[in-house]
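In what follows, a structure is listed as structure tokens, so that the remarks can point back to it.
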Amino acid sequence: MYKKTLIFFIALWLLLVLTTIIGFVVLDSMSRNRIDTAQIIVKNKIAPDTYIAKLYFDSHIFRNQSNVSTITLIQAHTSYQITDIRLHKDSANYLEFQSKQALSNEQNIGKISFSTNFIFLWDILPRLMIVFIFGVGIWWLCVPLKKILANIDTTYPKIPTTHTPQKPISYVLLFSICTLILVLFVFQFSLGFPGYHVLGDTYTSITLFKNNGHPVFIAYVLQLLYALFGKHLYFLFLANLIPFYVGLAFLVCGLYLHFRSIWAILSISIIFVGNIYFQNFIQYHSFTLPMLLFCGYCMLLFSILVPISSRFWRCCMYIGIAVVFFFALLWRHNAIVSVFPASFIIIYTYLSRYQLPKRDFVRFFTRGVFIFGILSVCIVSLFPRLLSRGDSFPANHIFLHQMAGTCVPSDDWSCFKQEWYYPHKGWEDIKALYEKYPLNADPFNVFWWPNHDELPIPHGKIDGLYTNWIRSILKHPLDFAKHQWRFVESMWFATPDWIFSSAQLQNKPTDPWHKEVVSLFPENERSVTLTPQQEKIYNFLYNHRIVLNHFYGVVLSACILLLSLALVLYKPHLCNSLLVFSLSVSFAGFISAIVIVLFTPVPETRYMSVILPLSLIATIGLIAFALKVLRLHSSFPTPEENPALS
């Protein structure tokens with residue numbers, strides 16, 4: 001059966017490749033002598049006598065299409081005197097030109113003729129092969145996984161579910177909770193519309209740059225949203241708010257449905273933590289990732305607190321969780337360390353439904369975690385390669401900076417190969433640079449560093465970098481530890497600085513490129529503009545904000561991790577899904593704090609923004625565990641009398 005399935009998959013893929021080849025060959029031959037036109041609609045004036053216009057193509061096939069075809073301008077057909085006509089550098093769907101005559105927005109000034117050039121197939125086929133390899137890899141993972149699940153289901157009996165009599169559900173209260181959360185969402189969205197976005201990294205996403213220097217997945221998500229709902233600047237603001245408030249709804253409703261207590265509504269108080277609330281006003285992938293993680297883990301907690309009897313809705317729930325974590329994996333380059341621990345609770349919850357011997361439980365759990373890890377690595381390594389366009393930016397500067405921090409104190413020049421340097425640079429330049437920038441890796445190898453004379457090593461591939469990096473650490477471990485401790489002090493013990501006053505929140509773009517980018521969006525979305533009443537409200541919230549040092553999140557994650565682990569090891573009869581949930585989320589928070597410090601180029605506090613939300617969720621999970629154990633012990637004095645505790 002599995003062999004037939006694989007043959008069918010390969011045949012289907014070959015058919016897809018063949019269809020793609022035929023389609024491109026036909027379209028390419030049809031486009032060779034074909035001339036098409038597009039309407040020119042003025043959108044904005046970006047400089048004296050310089051305008052931006054949008055092209056509305058008469059053909060939906062023979063036009064500019066990202067990753068499929070490009071266009072070459074031929075001639076403008078207009079009664080206006082326009083010169084210096086060229087495609088906009090960030091999008092071939094926009095035209096840039098000069099005109100001495102005054103033009104108004106949304107004015108149709110005529111047509112432009114163009115030819116279509118379909119991208120050569122050799123640029124498409126390698127990506128199709130990556131998808132094929134990924135698909136076959138997933139199939140090979142699913143085959144043993146399906147066998148394992150079938151073996152568990154047929155070999156081991158399921159643990160019978162017991163239902164403890166509880167108070168009836170107040171649907172009025174549930175509706176009130178959901179309404180309150182919806183009102184809070186609308187309030188924050190309207191207060192911070194369209195979200196603060198005067199950031200270089202954010203602009204590479206909203207202009208759909210796809211070189212994976214900034215996570216390329218974000219550009220594809222925005223491209224889809226632009227196609228569905230039009231081009232707007234608030235989508236990344238919603239990407240912060242929607243996961244947060246959806247996660248909050250799952251959290252509060254899950255706690256209420258499990259404990260039937262109105263006190264569950266206290267968990268809404270997470271919204272008063274300034275680290276979360278105020279950073280959500282900022283359109284930055286560093287603040288969207290924590291909210292995606294918050295949402296995913298809240299949905300997982302809900303599935304534990306409120307077991308769903310319907311197989312259809314249970315599948316929908318886990319598909320939703322998978323989608324949220326998939327987005328999180330691709331939203332930042334190092335998100336895998338925060339997402340992977342979710343496998344602990346997912347696999348434990350599934351296996352705990354069966355009466356498994358301890359040895360078999362450990363064996364199946366280990367296999368499941370391994371398969372989940374392989375799948376996560378495949379996603380974070382293959383998808384960016386599949387989706388990215390143009391040159392990516394290797395993180396060489398981080399490793400070079402760590403090597404300098406490891407070898408400069410010992411004056412060990414052998415850590416750096418002589419062929420790495422620019423002709424006029426050498427070891428003395430490395431020493432001087434590290435003494436000047438002990439907490440900044442950028443001047444070691446990034447092309448965007450403003451003072452290019454300081455760069456000691458050309459940007460690009462460096463042969464033997466990782467080998468020499470490992471050797472330097474093994475050779476000088478104490479100096480490496482001292483270097484990393486400086487980053488620990490500057491990040492773990494820092495207070496978040498990405499919390500803006502009302503004046504900062506309303507900053508306008510000043511960089512010429514930023515101004516040019518926002519000119520392509522509706523005028524009311526080009527910056528945050530507060531009314532006097534909104535400014536009073538924001539200032540009140542800002543002046544009474546609660547901001548927690550990142551150290552609280554790190555310590556909280558570490559303490560919950562140690563406590564949960566101790567209970568699992570020394571009180572196994574108390575172990576249940578809630579305890580493993582707390583262990584998983586606290587592990588995600590603590591290991592993220594370590595990895596962030598190990599592989600950060602600069603001590604930016606925004607990198608630490610994932611820690612506090614994870615530690616808060618872990619704390620709530622542990623409190624829920626304690627309450628459940630207390631409730632069970634009040635009814636069943638010993639573990640032997642209470643199977644639900646095992």
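Just so we're on the same page: first chain in the structure tokens is A, next is B, and so on; residues restart at 1 for each chain, and ligands are numbered from 1 in the order they show up.
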
Next on the checklist: Can you tell me which residues surround A:Leu530 at a distance of at most 9 Å, considering only C-alpha atoms, apart from same-chain residues fewer than 5 positions away, and format the answer as a PyMOL selection string?
Outcome noted: chain A and resi 191-193+502+506+535+538

Output N, CA and C atoms of each residue in that selection to a file, as a JSON list (two decimals), in the first residue's frame.
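This went into out_35.json:
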[["chain", "number", "residue", "atom", "x", "y", "z"],
["A", 191, "LEU", "N", -6.71, 52.56, 18.45],
["A", 191, "LEU", "CA", -5.82, 53.51, 19.12],
["A", 191, "LEU", "C", -4.48, 53.63, 18.41],
["A", 192, "GLY", "N", -3.94, 52.50, 17.95],
["A", 192, "GLY", "CA", -2.60, 52.52, 17.34],
["A", 192, "GLY", "C", -2.59, 52.40, 15.84],
["A", 193, "PHE", "N", -3.74, 52.54, 15.18],
["A", 193, "PHE", "CA", -3.83, 52.38, 13.72],
["A", 193, "PHE", "C", -2.89, 53.35, 13.01],
["A", 502, "SER", "N", 3.77, 58.70, 23.26],
["A", 502, "SER", "CA", 2.85, 59.09, 22.18],
["A", 502, "SER", "C", 3.58, 59.88, 21.10],
["A", 506, "GLN", "N", 4.19, 58.54, 17.05],
["A", 506, "GLN", "CA", 3.70, 59.30, 15.90],
["A", 506, "GLN", "C", 4.84, 59.81, 15.01],
["A", 535, "GLU", "N", -4.65, 60.71, 22.17],
["A", 535, "GLU", "CA", -3.36, 60.99, 22.79],
["A", 535, "GLU", "C", -3.47, 61.01, 24.31],
["A", 538, "TYR", "N", -3.77, 57.33, 25.35],
["A", 538, "TYR", "CA", -2.48, 56.64, 25.23],
["A", 538, "TYR", "C", -1.52, 57.11, 26.32]]

Which residues, written as a PDB file with N, CA, C and O atoms, in the first residue's frame, have at least one atom at most 9 Å from A:Ile462, with only C-alpha atoms counted and residues fewer than 5 positions away on the same chain left out?
ATOM      1  N   ASN A 396      27.830  35.719   9.089  1.00  0.00           N
ATOM      2  CA  ASN A 396      29.255  35.543   9.378  1.00  0.00           C
ATOM      3  C   ASN A 396      29.730  36.462  10.499  1.00  0.00           C
ATOM      4  O   ASN A 396      30.637  36.108  11.261  1.00  0.00           O
ATOM      5  N   TRP A 420      41.442  35.510   4.731  1.00  0.00           N
ATOM      6  CA  TRP A 420      40.118  36.084   4.963  1.00  0.00           C
ATOM      7  C   TRP A 420      40.123  37.607   4.812  1.00  0.00           C
ATOM      8  O   TRP A 420      39.122  38.199   4.403  1.00  0.00           O
ATOM      9  N   ILE A 457      37.057  42.161   6.935  1.00  0.00           N
ATOM     10  CA  ILE A 457      36.895  40.963   6.109  1.00  0.00           C
ATOM     11  C   ILE A 457      35.769  41.204   5.113  1.00  0.00           C
ATOM     12  O   ILE A 457      34.703  41.708   5.493  1.00  0.00           O
TER      13      ILE A 457
END

Item to check | All alpha helix (DSSP H) positions in stretch 317-434 of chain A, as a PyMOL selection string | outcome: chain A and resi 317-331+336-339+342-351+358-387+396-407+427-434

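For the atom pair formed by atom CA of A:Thr78 and atom CA of A:Gly110, the distance is 4.6 Å, given to one decimal.
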
Next on the checklist: So that I can check the surroundings of stretch 337-342 of chain A, please list as a list in words every protein, DNA and RNA residue that reaches within 8 Å of it, counting only C-alpha atoms and ignoring chain neighbours fewer than 4 positions away.
Outcome noted: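 The filter keeps Leu293, Tyr297, Phe325, Ala328, Leu329, Ile346, Phe372, Gly373, Ser376, Ser584, Val585, Phe587, Ala588, Gly589, Ile591, Ser592 and Val595 of chain A.
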
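The closest residue to A:Ser501, picked from A:Gln107, A:Ser286, A:Ser557, A:Gln279 and counting only C-alpha atoms, is A:Gln279.
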
Next on the checklist: When you count only C-alpha atoms, which of these residues is closest to A:Asn440: A:Ala626, A:Asn507, A:Glu604, A:Ile470?
Outcome noted: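 So, comparing all the options, the nearest one is A:Glu604.
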
What are the closest atom pairs, with distances in Å to one decimal, for each residue of stretch 182-277 of chain A lying within 9 Å of stretch 300-306 of chain A, using only C-alpha atoms, rows by chain and rising residue number, as a Markdown table?
| residue | atom | partner | partner_atom | distance |
| --- | --- | --- | --- | --- |
| A:Phe250 | CA | A:Phe302 | CA | 6.0 |
| A:Leu251 | CA | A:Phe302 | CA | 6.3 |
| A:Val252 | CA | A:Phe302 | CA | 8.8 |
| A:Cys253 | CA | A:Phe302 | CA | 7.8 |
| A:Gly254 | CA | A:Phe302 | CA | 4.7 |
| A:Leu255 | CA | A:Leu305 | CA | 6.8 |
| A:Leu257 | CA | A:Val306 | CA | 6.7 |
| A:His258 | CA | A:Leu305 | CA | 5.5 |
| A:Phe259 | CA | A:Leu305 | CA | 8.7 |

Restrict the selected residues to N, CA and C atoms and save them as a PDB file, in the first residue's frame.
ATOM      1  N   PHE A 250      -8.670  31.964  24.059  1.00  0.00           N
ATOM      2  CA  PHE A 250      -8.517  30.535  24.344  1.00  0.00           C
ATOM      3  C   PHE A 250      -8.076  30.311  25.790  1.00  0.00           C
ATOM      4  N   LEU A 251      -7.198  31.173  26.291  1.00  0.00           N
ATOM      5  CA  LEU A 251      -6.689  31.019  27.656  1.00  0.00           C
ATOM      6  C   LEU A 251      -7.806  31.202  28.684  1.00  0.00           C
ATOM      7  N   VAL A 252      -8.518  32.307  28.599  1.00  0.00           N
ATOM      8  CA  VAL A 252      -9.558  32.609  29.596  1.00  0.00           C
ATOM      9  C   VAL A 252     -10.700  31.601  29.510  1.00  0.00           C
ATOM     10  N   CYS A 253     -11.157  31.314  28.289  1.00  0.00           N
ATOM     11  CA  CYS A 253     -12.274  30.371  28.126  1.00  0.00           C
ATOM     12  C   CYS A 253     -11.868  28.963  28.569  1.00  0.00           C
ATOM     13  N   GLY A 254     -10.628  28.569  28.275  1.00  0.00           N
ATOM     14  CA  GLY A 254     -10.170  27.244  28.689  1.00  0.00           C
ATOM     15  C   GLY A 254     -10.136  27.104  30.194  1.00  0.00           C
ATOM     16  N   LEU A 255      -9.625  28.128  30.888  1.00  0.00           N
ATOM     17  CA  LEU A 255      -9.576  28.081  32.351  1.00  0.00           C
ATOM     18  C   LEU A 255     -10.983  28.060  32.945  1.00  0.00           C
ATOM     19  N   LEU A 257     -13.865  26.990  31.460  1.00  0.00           N
ATOM     20  CA  LEU A 257     -14.558  25.739  31.155  1.00  0.00           C
ATOM     21  C   LEU A 257     -14.011  24.568  31.970  1.00  0.00           C
ATOM     22  N   HIS A 258     -12.747  24.628  32.334  1.00  0.00           N
ATOM     23  CA  HIS A 258     -12.171  23.532  33.124  1.00  0.00           C
ATOM     24  C   HIS A 258     -12.515  23.647  34.607  1.00  0.00           C
ATOM     25  N   PHE A 259     -12.366  24.861  35.159  1.00  0.00           N
ATOM     26  CA  PHE A 259     -12.559  25.031  36.601  1.00  0.00           C
ATOM     27  C   PHE A 259     -13.941  25.574  36.962  1.00  0.00           C
TER      28      PHE A 259
END

Next on the checklist: Residues near A:Ile148, anyone? I mean within 12 Å using only C-alpha atoms, not counting same-chain ones fewer than 3 positions away, as a PyMOL selection string.
Outcome noted: chain A and resi 141-145+151-156+351+360-361+363-365+367-368+371

Item to check | Interatomic distance (Å, one decimal) between atom CA of A:Asp49 and atom CA of A:Thr529 | outcome: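 Atom CA of A:Thr529 lies at a distance of 27.6 Å from atom CA of A:Asp49.
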
Item to check | stretch 481-494 of chain A environment, 8 Å, only C-alpha atoms, sequence neighbours closer than 6 positions dropped, as a ChimeraX atom specification | outcome: /A:402,405-406,439,549-551,554,593,597-598,603-605,608

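Closest to A:Leu233 among A:Glu435, A:Glu525, A:Asp412, A:Glu454 is A:Glu525, based on only C-alpha atoms.
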
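Counting from atom CA of A:Thr207, the distance to atom CA of A:Asn108 is 24.1 Å.
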
Next on the checklist: Under the rule that only C-alpha atoms are counted, which of A:Leu16, A:Leu248, A:Val380, A:Ala503 is the nearest residue to A:Leu292?
Outcome noted: A:Leu248

Item to check | Which of A:Thr531, A:Asn211, A:Asn524, A:Thr366 sits closest to A:Phe344 [using only C-alpha atoms] | outcome: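 Using only C-alpha atoms, A:Phe344 sits closest to A:Thr366.
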
Next on the checklist: I'd like the contact shell of A:Ser115 - 12 Å cut-off, only C-alpha atoms, skipping same-chain residues fewer than 4 positions apart - returned as a ChimeraX atom specification.
Outcome noted: /A:28,30-38,57,59,61-64,69-75
